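Colleague: The structure under discussion is supplied below as structure tokens; questions concerning it will follow.
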Amino acid sequence: MSYLVAAPEFLASAATDLSNIGSSLTAANAAAAGTTTGVLAAGTDEVSAAVASLFAGHGRAFQALSAQAAAFHSEFVRALSAAGGAYAGAEAASAVPLQSVQQDLLGAINAPFLVLSGRPLIGNGAPGAVGSGQPGGNGGWLIGNGGAGGSGINSAAGTGGTGGAGGAGGLFGAGGSGGAGGSGATTGGVGGTGGTGGLFGAPGVGGRGGPGAIIGGAGGAGGAALLFGPGAPGGVGGGGTTSTGGAGGAGGHGGLLFGAGGGGGAGGQGLSTGGAGGNGGNAGLLFGAGGSGGAGGTTLSAGTGGAGGNGGGAGLLFSPGGAGGSGGFGFTAGGAGGAGGNGFLIGAGGAGGAGGDSGGIGGVGGVGGNAGMLYGTGGAGGVGGGGGTNGGNGGDGGRGVLFGNGGEGGAGGFAGTATGGAGGNGGNTLFGFGGNGGIAGFGIGTDGTAGKPGSGLFG
């Protein structure tokens, strides 16, 4: 059996080309008609008149034949155009039933799962409506992404509404992002939590905190991974127009077996106080680094910068704790750096976050995280923030615990007019070397003091 393959767009193009050819031939025949059908005799004798009449007759016969060919050409072009339209219509008509069959089949597959669990087997979750705070729908059990949470309701008289949580992803699907918090006349709304990721899909990011006329809303927590993969970052804190920025959201937990923790969200900017950074998420059970803490928020006038978030804890084996977040800038005092996350069994502690700089007193550096219980090096202490008057003290180094070295103390911060920050003390350990003490911060007035070294069996 032979099969015919028709492309409607090619048929339509061919019909257009043939129509143009026909128009050109008609114009050429019309131009030649005058000279071929009215041939003048070369003389007044009978022979010349007979010859002219003969050629004129041939010209008239040619014009008659050309008229018949033009009519056939026009009919052929119309038939070709109609065929292209018929094929196109047939394709369009056949596509609608096919789509309907697909939808009906998918509906039949999902129906029992919707009845039993309220969640389809295959399909994406619906997003929450804007300004509703509704959670996003869960993705299908097998395949489907979770829907994004709806943003929170804006409030003209009080606290903004909380953003909706993101929907969970299916086995093959990503979690939905959390909705942003609504704006508030006093306090901004809290951002929604990110949705849990599927077995083979990323979790959703936490929603941003809403802006507040006085206090910014906190960012939403990042979604957790299911078995494998990293947790999602937490949402950024909202701005506080006349007072305090919102805290950043915590990072999501890494996959149950392995995966890094999500980073904490940054604190929001405030007029007098910056929002605290969110804590980093803990890693998965076996392997994975802890999530880093979020940076503290800054201030726009006299006040204190936000503290950095703490780093997340590490996985069981060969994994470091998360770094602490840096403190935010403050015109009066810088924010303190966040503490580094601890190792678990074998792994290094995370470094402490740097203290925030300031026009007044620099922020204190964060403490380094402790090493794993069996082996690892303690995390270094964070550097103290620089200050227009006094520098911030460096953070102490983390402990080495059993086998391994203690972490180094953080350096003291620079001082513009008064005393530099003191260096942090080195971390202690049992079987290993204690960490070096941090160097003293330079001060225009007086230098700070150096940190003390840590102790260990070998020094």
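Just so we're on the same page: first chain in the structure tokens is A, next is B, and so on; residues restart at 1 for each chain, and ligands are numbered from 1 in the order they show up.
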Give me, as a VMD selection string, all polymer residues having an atom no more than 8 Å from Gly140 of chain A, counting only C-alpha atoms and skipping those fewer than 5 positions away in the same chain.
Modeller: chain A and resid 119 to 125 145 169 to 171
Colleague: So that I can check the surroundings of Gly147 of chain A, please list as a count of residues only every protein, DNA and RNA residue that reaches within 12 Å of it, counting only C-alpha atoms and ignoring chain neighbours fewer than 2 positions away.
Modeller: 39
Colleague: So what do you get for atom CA of Leu227 of chain A versus atom CA of Asn282 of chain A, distance-wise?
Modeller: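 Going from atom CA of Leu227 of chain A over to atom CA of Asn282 of chain A, I get 13.5 Å.
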Colleague: Quick one: DSSP strand (DSSP E or B) residues in segment 169-357 of chain A, as a PyMOL selection string?
Modeller: chain A and resi 172+184+187+212+215+228+240+244+258+270+273+287+299+304+330+333+346
